[in-house]
Amino acid sequence: MNNNEFNFYPSHSIEKIIEKNRNEFNINDLIALVNDLEIKIIYFHYFGIDSKVRTLHIPIKSKSQLQHTLQDGERVDGSSLFKGLVQSGKSDLYVVPIYSTAFLNPFDESKKTLHFICRFFDKDGNMPNFAPDNVLLFLSQKLKDLTGLELYAHPELEYYLINESSHSCYRNLAQSGYQASSPYIENEDLLDEMALAITNSLGNLKYAHYEVGIIEQIESEYPELNHRRAEQMEIELGLSPIEKTAYETNLGMWIVRSIANKHKAHATFYPKLEVGHAGSGLHFHLALMKDGRNVMTEKEGSLSEDAKLLIGGLLKYGKSLTAFGNSVIGSYLRLVPNQEAPTKVCWSEQNRNAMIRVPLAWANLSALAHRINPHDNESSDTNDKVSYQTVEIRTPDGSANVSLLLAGITKAVCWAFKNKKEALALCEKYHLDGTLFDQYDAIADSCEESASALLNEIDLYLSEGDFQRPMLERVANSLKNEKDKYKNQFIETLPQDERNFYLRKIIHKDLIEKNI
């Protein structure tokens, strides 16, 4: 490495600095990186039971201390990170860095910090399965051992950015912001900053754009929100192995919030900000891969049997998956008709009201640009078709416990490959053809109903010891504590003005107090 070559290294270029694929990083590479870049502090990031990013700050004092830290990790209090799942008398855990996750500080170019994602180990050197990210790792490996396939995923991070309005003369109608451009929106520079920081940290971003929602002026009893302007944005990451998707999703949300905070703004992933305005989802696109190749389609472009099995598994677990993906009252204010949000347990090629959607994927198409740029001889059809097909699960939102949700999804796919006949039958039965929408089961309409769905189907998760009962019961109890089963019914009886006031009070209180 040449220390004079760069003043600041974008984080995704660590591979260029070390001159290795990040999956091949070793401890000597990282020690050399620390020395050459004069790194002062190591950051260990990990996720507790609530899925939020936790951080341990470790100043570098000596080479031997650095080597010990990178090789053996550090101790943390497991009883605080996993309340109710770890006994206080046996609470110590190790957090150990995953070398391939190394990235530099995404917010401040002058701060000499090196960041890692960590995994948990217990006193015997085992990875405990009360840690959701470990459960996900075990299940992803189980799926590969069972089928030879790997499950990949990528999220759509939808959120509202709330800040003072610049009082531009360009005003927007509600729900008119989809892929809007300046001057019709006001925070384009912040969106670019967020997108570039995620790219530099993760090296895995597809695109960023404005979403539908624009609220010119929020009315709220909370000063943090009152008279502020809200613009809805989306940042979509690229496909990764599903265990990697979990920490990329959590880190992406953390980066968005951190940059917003730096600019005295507030970024919220809360699923419903205002009645009558677009909600924010956390959709995941899923794909099965074999030897690095997408196997979701047949040669003619139709869905493969593997893809149909994936869909069948999601349908089997669909209602109970909301227990991991939709954990607050506002979740079920988003999952309503006529808001491009899913309301039924079914799947469709295009209909956004279905729980599962199969998006366009260039099936039997290639080099489309050649059709409008015929002079470009480099653009031509190829016989070696690459599939980009994914299946999108549209129910989750920003209140999700990401690792538990993705573990539940992986468990559903494992079930499908062990029960192929039933999974394929579900796929056929619950295919939305556009005329029979009302016949399908409704998605849970409250936290309490979601808890009931999880407890009713708990054996699906407990089979083969993949999930722990205390963990699932903890999730269910948290949902029950929302006490929203009859609250939503009561709200429907109110006159419109009272309903809006009542809902706003619930949503804004949740948004501020739960930090979603």
# chains A, B, ... in the order shown; residues from 1 in each chain; ligands from 1
call {"tool": "residues_around", "arguments": {"residues": "Lys262 (chain A)", "least_positions_apart": "5", "cutoff": "12 Å", "atoms": "only C-alpha atoms", "output": "VMD selection string"}}
result
chain A and resid 107 to 108 163 190 193 to 194 255 to 257 267
call {"tool": "closest_atom_pairs", "arguments": {"of": "region 185-273 of chain A", "to": "region 388-409 of chain A", "cutoff": "12 Å", "atoms": "only C-alpha atoms", "output": "Markdown table"}}
result
| residue | atom | partner | partner_atom | distance |
| --- | --- | --- | --- | --- |
| A:Gly238 | CA | A:Tyr388 | CA | 11.4 |
| A:Leu239 | CA | A:Thr390 | CA | 9.6 |
| A:Pro241 | CA | A:Leu406 | CA | 10.9 |
| A:Ile242 | CA | A:Leu406 | CA | 7.1 |
| A:Glu243 | CA | A:Ser403 | CA | 7.9 |
| A:Lys244 | CA | A:Ser403 | CA | 9.8 |
| A:Thr245 | CA | A:Leu406 | CA | 8.6 |
| A:Ala246 | CA | A:Ser403 | CA | 5.4 |
| A:Tyr247 | CA | A:Ser403 | CA | 7.9 |
| A:Glu248 | CA | A:Val402 | CA | 10.1 |
| A:Thr249 | CA | A:Val402 | CA | 7.6 |
| A:Asn250 | CA | A:Val402 | CA | 7.3 |
| A:Leu251 | CA | A:Val402 | CA | 11.0 |
| A:Gly252 | CA | A:Gly398 | CA | 11.7 |
| A:Met253 | CA | A:Gly398 | CA | 8.8 |
| A:Trp254 | CA | A:Gly398 | CA | 11.7 |
| A:Ala267 | CA | A:Gly398 | CA | 11.3 |
| A:Thr268 | CA | A:Gly398 | CA | 8.4 |
| A:Phe269 | CA | A:Gly398 | CA | 4.8 |
| A:Tyr270 | CA | A:Gly398 | CA | 5.7 |
| A:Pro271 | CA | A:Asp397 | CA | 5.8 |
| A:Lys272 | CA | A:Asp397 | CA | 9.5 |
| A:Leu273 | CA | A:Gly398 | CA | 11.9 |
call {"tool": "residues_around", "arguments": {"residues": "region 484-491 of chain A", "least_positions_apart": "5", "cutoff": "7 Å", "atoms": "only C-alpha atoms", "output": "list in words"}}
result
Ile329, Ser446, Cys447, Glu448, Glu449 and Arg499 of chain A
call {"tool": "residues_around", "arguments": {"residues": "Arg469 (chain A)", "least_positions_apart": "5", "cutoff": "12 Å", "atoms": "only C-alpha atoms", "output": "list in words"}}
result
Gly84, Leu85, Asn129, Phe130, Leu454, Leu455, Glu457, Ile458, Asp459, Leu460, Tyr461, Leu462, Ser463, Arg474, Val475 and Ala476 of chain A
call {"tool": "select_by_dssp", "arguments": {"residues": "region 108-145 of chain A", "states": "alpha helix (DSSP H)", "output": "count of residues only"}}
result
14
call {"tool": "closest_residue", "arguments": {"among": "A:His375, A:Lys264, A:Lys411, A:Lys483", "to": "Gln141 (chain A)", "atoms": "only C-alpha atoms"}}
result
A:Lys411
call {"tool": "residues_around", "arguments": {"residues": "Ala208 (chain A)", "least_positions_apart": "2", "cutoff": "8 Å", "atoms": "only C-alpha atoms", "output": "ChimeraX atom specification"}}
result
/A:191-192,195,206,210,233-236
call {"tool": "atom_distance", "arguments": {"atom1": "CA of Thr147 (chain A)", "atom2": "CA of Glu305 (chain A)"}}
result
12.8 Å
call {"tool": "residues_around", "arguments": {"residues": "Lys299 (chain A)", "least_positions_apart": "4", "cutoff": "10 Å", "atoms": "only C-alpha atoms", "output": "list of chain:residue names"}}
result
A:Val295, A:Leu303, A:Ser304, A:Ala363, A:Asn364, A:Lys385, A:Val386, A:Ser387
call {"tool": "select_by_dssp", "arguments": {"residues": "region 105-243 of chain A", "states": "strand (DSSP E)", "output": "JSON, numbers by chain"}}
result
{"A": [113, 114, 115, 116, 117, 118, 119, 120, 121, 150, 151, 152, 153, 154, 155, 156, 157, 158, 159, 160, 161, 162, 163, 205, 206, 207, 208, 209, 210, 211, 212, 213, 214, 215, 229, 230, 231, 232, 233, 234, 235, 236, 237, 240, 241]}
call {"tool": "write_last_selection", "arguments": {"atoms": "N, CA and C atoms", "output": "short mmCIF file (atom, residue, chain, number, x, y, z; two decimals), in the first residue's frame"}}
result
data_model
loop_
_atom_site.label_atom_id
_atom_site.label_comp_id
_atom_site.auth_asym_id
_atom_site.auth_seq_id
_atom_site.Cartn_x
_atom_site.Cartn_y
_atom_site.Cartn_z
N THR A 113 -11.22 6.02 11.80
CA THR A 113 -11.87 4.88 12.43
C THR A 113 -12.07 3.76 11.42
N LEU A 114 -11.96 2.54 11.89
CA LEU A 114 -12.19 1.36 11.08
C LEU A 114 -13.33 0.58 11.72
N HIS A 115 -14.35 0.25 10.92
CA HIS A 115 -15.58 -0.34 11.44
C HIS A 115 -15.70 -1.81 10.99
N PHE A 116 -16.31 -2.62 11.87
CA PHE A 116 -16.58 -4.02 11.57
C PHE A 116 -17.98 -4.39 12.07
N ILE A 117 -18.60 -5.34 11.39
CA ILE A 117 -19.77 -6.05 11.93
C ILE A 117 -19.25 -7.28 12.67
N CYS A 118 -19.88 -7.59 13.80
CA CYS A 118 -19.43 -8.71 14.64
C CYS A 118 -20.51 -9.78 14.78
N ARG A 119 -20.06 -10.97 15.18
CA ARG A 119 -20.98 -12.03 15.59
C ARG A 119 -20.72 -12.37 17.04
N PHE A 120 -21.76 -12.96 17.66
CA PHE A 120 -21.67 -13.32 19.08
C PHE A 120 -21.19 -14.75 19.26
N PHE A 121 -20.36 -14.95 20.29
CA PHE A 121 -19.94 -16.27 20.72
C PHE A 121 -20.14 -16.38 22.24
N GLU A 150 -28.44 -21.08 -2.54
CA GLU A 150 -28.27 -19.99 -1.58
C GLU A 150 -29.41 -18.99 -1.77
N LEU A 151 -29.93 -18.49 -0.67
CA LEU A 151 -30.98 -17.48 -0.72
C LEU A 151 -30.32 -16.11 -0.64
N TYR A 152 -30.58 -15.29 -1.64
CA TYR A 152 -30.09 -13.92 -1.69
C TYR A 152 -31.27 -12.97 -1.49
N ALA A 153 -30.97 -11.75 -1.06
CA ALA A 153 -32.04 -10.77 -0.87
C ALA A 153 -31.47 -9.36 -1.01
N HIS A 154 -32.37 -8.43 -1.29
CA HIS A 154 -32.00 -7.02 -1.16
C HIS A 154 -33.23 -6.22 -0.73
N PRO A 155 -33.00 -5.19 0.10
CA PRO A 155 -34.11 -4.41 0.64
C PRO A 155 -34.35 -3.12 -0.12
N GLU A 156 -35.58 -2.62 0.00
CA GLU A 156 -35.92 -1.26 -0.39
C GLU A 156 -36.10 -0.46 0.90
N LEU A 157 -35.19 0.44 1.18
CA LEU A 157 -35.27 1.25 2.39
C LEU A 157 -36.12 2.49 2.10
N GLU A 158 -37.35 2.49 2.58
CA GLU A 158 -38.24 3.64 2.41
C GLU A 158 -38.32 4.42 3.71
N TYR A 159 -38.26 5.73 3.62
CA TYR A 159 -38.28 6.55 4.82
C TYR A 159 -38.70 7.97 4.47
N TYR A 160 -39.14 8.70 5.48
CA TYR A 160 -39.42 10.12 5.33
C TYR A 160 -38.28 10.92 5.96
N LEU A 161 -37.83 11.94 5.26
CA LEU A 161 -36.89 12.90 5.81
C LEU A 161 -37.69 14.13 6.24
N ILE A 162 -37.59 14.47 7.52
CA ILE A 162 -38.38 15.56 8.09
C ILE A 162 -37.44 16.68 8.51
N ASN A 163 -37.68 17.88 7.97
CA ASN A 163 -36.89 19.03 8.37
C ASN A 163 -37.64 20.32 8.05
N LEU A 205 -25.08 -0.75 -3.58
CA LEU A 205 -26.29 0.06 -3.71
C LEU A 205 -26.73 0.11 -5.16
N LYS A 206 -28.03 -0.11 -5.40
CA LYS A 206 -28.55 -0.06 -6.77
C LYS A 206 -28.85 1.37 -7.18
N TYR A 207 -29.72 2.02 -6.41
CA TYR A 207 -30.11 3.39 -6.76
C TYR A 207 -30.85 4.03 -5.60
N ALA A 208 -31.07 5.33 -5.73
CA ALA A 208 -31.85 6.09 -4.75
C ALA A 208 -32.79 7.01 -5.52
N HIS A 209 -33.95 7.28 -4.94
CA HIS A 209 -34.90 8.19 -5.59
C HIS A 209 -35.94 8.67 -4.59
N TYR A 210 -36.71 9.65 -5.01
CA TYR A 210 -37.83 10.11 -4.20
C TYR A 210 -39.00 9.15 -4.36
N GLU A 211 -39.69 8.93 -3.27
CA GLU A 211 -40.89 8.09 -3.30
C GLU A 211 -42.15 8.97 -3.35
N VAL A 212 -43.31 8.32 -3.23
CA VAL A 212 -44.58 9.00 -3.49
C VAL A 212 -44.87 10.12 -2.49
N GLY A 213 -44.52 9.91 -1.21
CA GLY A 213 -45.04 10.77 -0.16
C GLY A 213 -44.38 12.14 -0.06
N ILE A 214 -45.21 13.16 0.00
CA ILE A 214 -44.77 14.53 0.32
C ILE A 214 -45.81 15.13 1.25
N ILE A 215 -45.38 15.58 2.41
CA ILE A 215 -46.28 16.25 3.36
C ILE A 215 -45.73 17.66 3.55
N ARG A 229 -41.67 19.85 7.21
CA ARG A 229 -41.97 19.27 5.89
C ARG A 229 -41.39 17.87 5.84
N ALA A 230 -42.08 16.94 5.18
CA ALA A 230 -41.60 15.56 5.09
C ALA A 230 -41.58 15.13 3.63
N GLU A 231 -40.43 14.59 3.22
CA GLU A 231 -40.29 14.06 1.87
C GLU A 231 -39.90 12.60 1.97
N GLN A 232 -40.59 11.76 1.20
CA GLN A 232 -40.34 10.33 1.25
C GLN A 232 -39.28 9.94 0.23
N MET A 233 -38.31 9.14 0.69
CA MET A 233 -37.19 8.71 -0.16
C MET A 233 -37.07 7.19 -0.12
N GLU A 234 -36.36 6.67 -1.09
CA GLU A 234 -36.06 5.23 -1.10
C GLU A 234 -34.63 5.02 -1.55
N ILE A 235 -33.94 4.14 -0.82
CA ILE A 235 -32.61 3.68 -1.22
C ILE A 235 -32.68 2.16 -1.34
N GLU A 236 -32.36 1.66 -2.52
CA GLU A 236 -32.45 0.22 -2.76
C GLU A 236 -31.04 -0.37 -2.88
N LEU A 237 -30.78 -1.37 -2.05
CA LEU A 237 -29.49 -2.03 -2.07
C LEU A 237 -29.47 -3.15 -3.12
N SER A 240 -27.52 -9.66 -2.00
CA SER A 240 -26.45 -10.25 -1.19
C SER A 240 -26.95 -11.56 -0.61
N PRO A 241 -26.04 -12.45 -0.19
CA PRO A 241 -26.48 -13.60 0.60
C PRO A 241 -27.31 -13.11 1.78
#
call {"tool": "residues_around", "arguments": {"residues": "Lys429 (chain A)", "least_positions_apart": "6", "cutoff": "10 Å", "atoms": "only C-alpha atoms", "output": "PyMOL selection string"}}
result
chain A and resi 312+346-347+423+440
call {"tool": "write_last_selection", "arguments": {"atoms": "N, CA and C atoms", "output": "PDB file, in the first residue's frame"}}
result
ATOM      1  N   GLY A 312     -44.328 -20.608  -2.488  1.00  0.00           N
ATOM      2  CA  GLY A 312     -45.175 -21.463  -1.653  1.00  0.00           C
ATOM      3  C   GLY A 312     -44.791 -21.417  -0.191  1.00  0.00           C
ATOM      4  N   CYS A 346     -51.436 -13.684  -0.892  1.00  0.00           N
ATOM      5  CA  CYS A 346     -51.470 -14.246  -2.244  1.00  0.00           C
ATOM      6  C   CYS A 346     -50.281 -13.662  -2.999  1.00  0.00           C
ATOM      7  N   TRP A 347     -50.132 -14.091  -4.271  1.00  0.00           N
ATOM      8  CA  TRP A 347     -49.030 -13.558  -5.057  1.00  0.00           C
ATOM      9  C   TRP A 347     -49.505 -13.168  -6.442  1.00  0.00           C
ATOM     10  N   ALA A 423     -46.108 -27.098  -1.059  1.00  0.00           N
ATOM     11  CA  ALA A 423     -45.670 -25.747  -1.404  1.00  0.00           C
ATOM     12  C   ALA A 423     -46.108 -25.370  -2.820  1.00  0.00           C
ATOM     13  N   TYR A 440     -59.044 -14.524  -0.837  1.00  0.00           N
ATOM     14  CA  TYR A 440     -57.822 -14.892  -0.138  1.00  0.00           C
ATOM     15  C   TYR A 440     -57.841 -14.408   1.307  1.00  0.00           C
TER      16      TYR A 440
END
call {"tool": "closest_residue", "arguments": {"among": "A:Gln339, A:Ser450, A:Gln468, A:Thr410", "to": "Gly276 (chain A)", "atoms": "only C-alpha atoms"}}
result
A:Gln339
call {"tool": "atom_distance", "arguments": {"atom1": "CA of Ala416 (chain A)", "atom2": "CA of Leu310 (chain A)"}}
result
6.6 Å
call {"tool": "decode", "arguments": {"residues": "region 108-192 of chain A", "atoms": "C-alpha atoms", "output": "PDB file, in the first residue's frame"}}
result
ATOM      1  CA  ASP A 108     -16.382  12.186   8.567  1.00  0.00           C
ATOM      2  CA  GLU A 109     -13.372  11.931   6.281  1.00  0.00           C
ATOM      3  CA  SER A 110     -10.974  13.218   8.925  1.00  0.00           C
ATOM      4  CA  LYS A 111     -11.940  10.677  11.589  1.00  0.00           C
ATOM      5  CA  LYS A 112      -9.544   7.772  11.619  1.00  0.00           C
ATOM      6  CA  THR A 113     -11.871   4.878  12.433  1.00  0.00           C
ATOM      7  CA  LEU A 114     -12.192   1.357  11.076  1.00  0.00           C
ATOM      8  CA  HIS A 115     -15.582  -0.345  11.436  1.00  0.00           C
ATOM      9  CA  PHE A 116     -16.584  -4.025  11.567  1.00  0.00           C
ATOM     10  CA  ILE A 117     -19.767  -6.049  11.935  1.00  0.00           C
ATOM     11  CA  CYS A 118     -19.427  -8.713  14.638  1.00  0.00           C
ATOM     12  CA  ARG A 119     -20.979 -12.032  15.587  1.00  0.00           C
ATOM     13  CA  PHE A 120     -21.674 -13.321  19.075  1.00  0.00           C
ATOM     14  CA  PHE A 121     -19.940 -16.275  20.721  1.00  0.00           C
ATOM     15  CA  ASP A 122     -20.548 -17.794  24.163  1.00  0.00           C
ATOM     16  CA  LYS A 123     -17.952 -18.894  26.734  1.00  0.00           C
ATOM     17  CA  ASP A 124     -17.444 -22.225  24.947  1.00  0.00           C
ATOM     18  CA  GLY A 125     -16.788 -20.624  21.586  1.00  0.00           C
ATOM     19  CA  ASN A 126     -20.222 -21.477  20.177  1.00  0.00           C
ATOM     20  CA  MET A 127     -22.515 -19.048  18.370  1.00  0.00           C
ATOM     21  CA  PRO A 128     -25.678 -18.943  20.531  1.00  0.00           C
ATOM     22  CA  ASN A 129     -29.038 -19.192  18.796  1.00  0.00           C
ATOM     23  CA  PHE A 130     -30.697 -16.556  20.949  1.00  0.00           C
ATOM     24  CA  ALA A 131     -28.881 -14.006  18.748  1.00  0.00           C
ATOM     25  CA  PRO A 132     -31.163 -13.416  15.720  1.00  0.00           C
ATOM     26  CA  ASP A 133     -28.290 -12.932  13.277  1.00  0.00           C
ATOM     27  CA  ASN A 134     -26.852 -16.307  14.306  1.00  0.00           C
ATOM     28  CA  VAL A 135     -30.252 -17.961  13.768  1.00  0.00           C
ATOM     29  CA  LEU A 136     -30.281 -16.487  10.269  1.00  0.00           C
ATOM     30  CA  LEU A 137     -26.745 -17.714   9.571  1.00  0.00           C
ATOM     31  CA  PHE A 138     -27.586 -21.274  10.705  1.00  0.00           C
ATOM     32  CA  LEU A 139     -30.746 -21.370   8.561  1.00  0.00           C
ATOM     33  CA  SER A 140     -29.027 -20.030   5.448  1.00  0.00           C
ATOM     34  CA  GLN A 141     -26.415 -22.778   5.784  1.00  0.00           C
ATOM     35  CA  LYS A 142     -29.146 -25.369   6.385  1.00  0.00           C
ATOM     36  CA  LEU A 143     -30.879 -24.317   3.163  1.00  0.00           C
ATOM     37  CA  LYS A 144     -27.624 -24.638   1.232  1.00  0.00           C
ATOM     38  CA  ASP A 145     -26.923 -28.072   2.717  1.00  0.00           C
ATOM     39  CA  LEU A 146     -30.484 -29.189   1.921  1.00  0.00           C
ATOM     40  CA  THR A 147     -30.792 -27.877  -1.635  1.00  0.00           C
ATOM     41  CA  GLY A 148     -27.405 -26.719  -2.874  1.00  0.00           C
ATOM     42  CA  LEU A 149     -29.017 -23.299  -3.274  1.00  0.00           C
ATOM     43  CA  GLU A 150     -28.273 -19.993  -1.582  1.00  0.00           C
ATOM     44  CA  LEU A 151     -30.979 -17.477  -0.720  1.00  0.00           C
ATOM     45  CA  TYR A 152     -30.090 -13.916  -1.689  1.00  0.00           C
ATOM     46  CA  ALA A 153     -32.037 -10.766  -0.873  1.00  0.00           C
ATOM     47  CA  HIS A 154     -31.999  -7.018  -1.157  1.00  0.00           C
ATOM     48  CA  PRO A 155     -34.113  -4.412   0.639  1.00  0.00           C
ATOM     49  CA  GLU A 156     -35.917  -1.261  -0.388  1.00  0.00           C
ATOM     50  CA  LEU A 157     -35.275   1.251   2.393  1.00  0.00           C
ATOM     51  CA  GLU A 158     -38.243   3.639   2.408  1.00  0.00           C
ATOM     52  CA  TYR A 159     -38.283   6.548   4.824  1.00  0.00           C
ATOM     53  CA  TYR A 160     -39.416  10.119   5.328  1.00  0.00           C
ATOM     54  CA  LEU A 161     -36.893  12.901   5.811  1.00  0.00           C
ATOM     55  CA  ILE A 162     -38.384  15.555   8.094  1.00  0.00           C
ATOM     56  CA  ASN A 163     -36.888  19.026   8.369  1.00  0.00           C
ATOM     57  CA  GLU A 164     -37.590  22.733   8.056  1.00  0.00           C
ATOM     58  CA  SER A 165     -39.036  23.740   4.719  1.00  0.00           C
ATOM     59  CA  SER A 166     -37.040  26.053   2.518  1.00  0.00           C
ATOM     60  CA  HIS A 167     -40.379  27.641   1.587  1.00  0.00           C
ATOM     61  CA  SER A 168     -39.803  27.028  -2.073  1.00  0.00           C
ATOM     62  CA  CYS A 169     -42.522  28.335  -4.365  1.00  0.00           C
ATOM     63  CA  TYR A 170     -42.781  24.856  -5.837  1.00  0.00           C
ATOM     64  CA  ARG A 171     -45.487  23.029  -3.918  1.00  0.00           C
ATOM     65  CA  ASN A 172     -46.639  19.454  -4.394  1.00  0.00           C
ATOM     66  CA  LEU A 173     -49.904  17.615  -4.096  1.00  0.00           C
ATOM     67  CA  ALA A 174     -50.061  14.745  -1.616  1.00  0.00           C
ATOM     68  CA  GLN A 175     -48.623  11.485  -2.958  1.00  0.00           C
ATOM     69  CA  SER A 176     -47.092  13.163  -5.996  1.00  0.00           C
ATOM     70  CA  GLY A 177     -43.400  12.777  -5.250  1.00  0.00           C
ATOM     71  CA  TYR A 178     -42.563   9.535  -7.054  1.00  0.00           C
ATOM     72  CA  GLN A 179     -39.069   9.937  -8.541  1.00  0.00           C
ATOM     73  CA  ALA A 180     -39.475  13.728  -8.436  1.00  0.00           C
ATOM     74  CA  SER A 181     -36.527  15.980  -9.188  1.00  0.00           C
ATOM     75  CA  SER A 182     -35.311  19.338  -7.991  1.00  0.00           C
ATOM     76  CA  PRO A 183     -36.743  22.018  -7.745  1.00  0.00           C
ATOM     77  CA  TYR A 184     -39.941  20.137  -6.920  1.00  0.00           C
ATOM     78  CA  ILE A 185     -38.258  18.484  -3.955  1.00  0.00           C
ATOM     79  CA  GLU A 186     -35.935  20.098  -1.410  1.00  0.00           C
ATOM     80  CA  ASN A 187     -33.444  17.537  -0.073  1.00  0.00           C
ATOM     81  CA  GLU A 188     -31.846  16.061  -3.158  1.00  0.00           C
ATOM     82  CA  ASP A 189     -28.325  16.781  -1.833  1.00  0.00           C
ATOM     83  CA  LEU A 190     -29.062  14.863   1.392  1.00  0.00           C
ATOM     84  CA  LEU A 191     -30.369  11.886  -0.574  1.00  0.00           C
ATOM     85  CA  ASP A 192     -27.161  11.844  -2.621  1.00  0.00           C
TER      86      ASP A 192
END
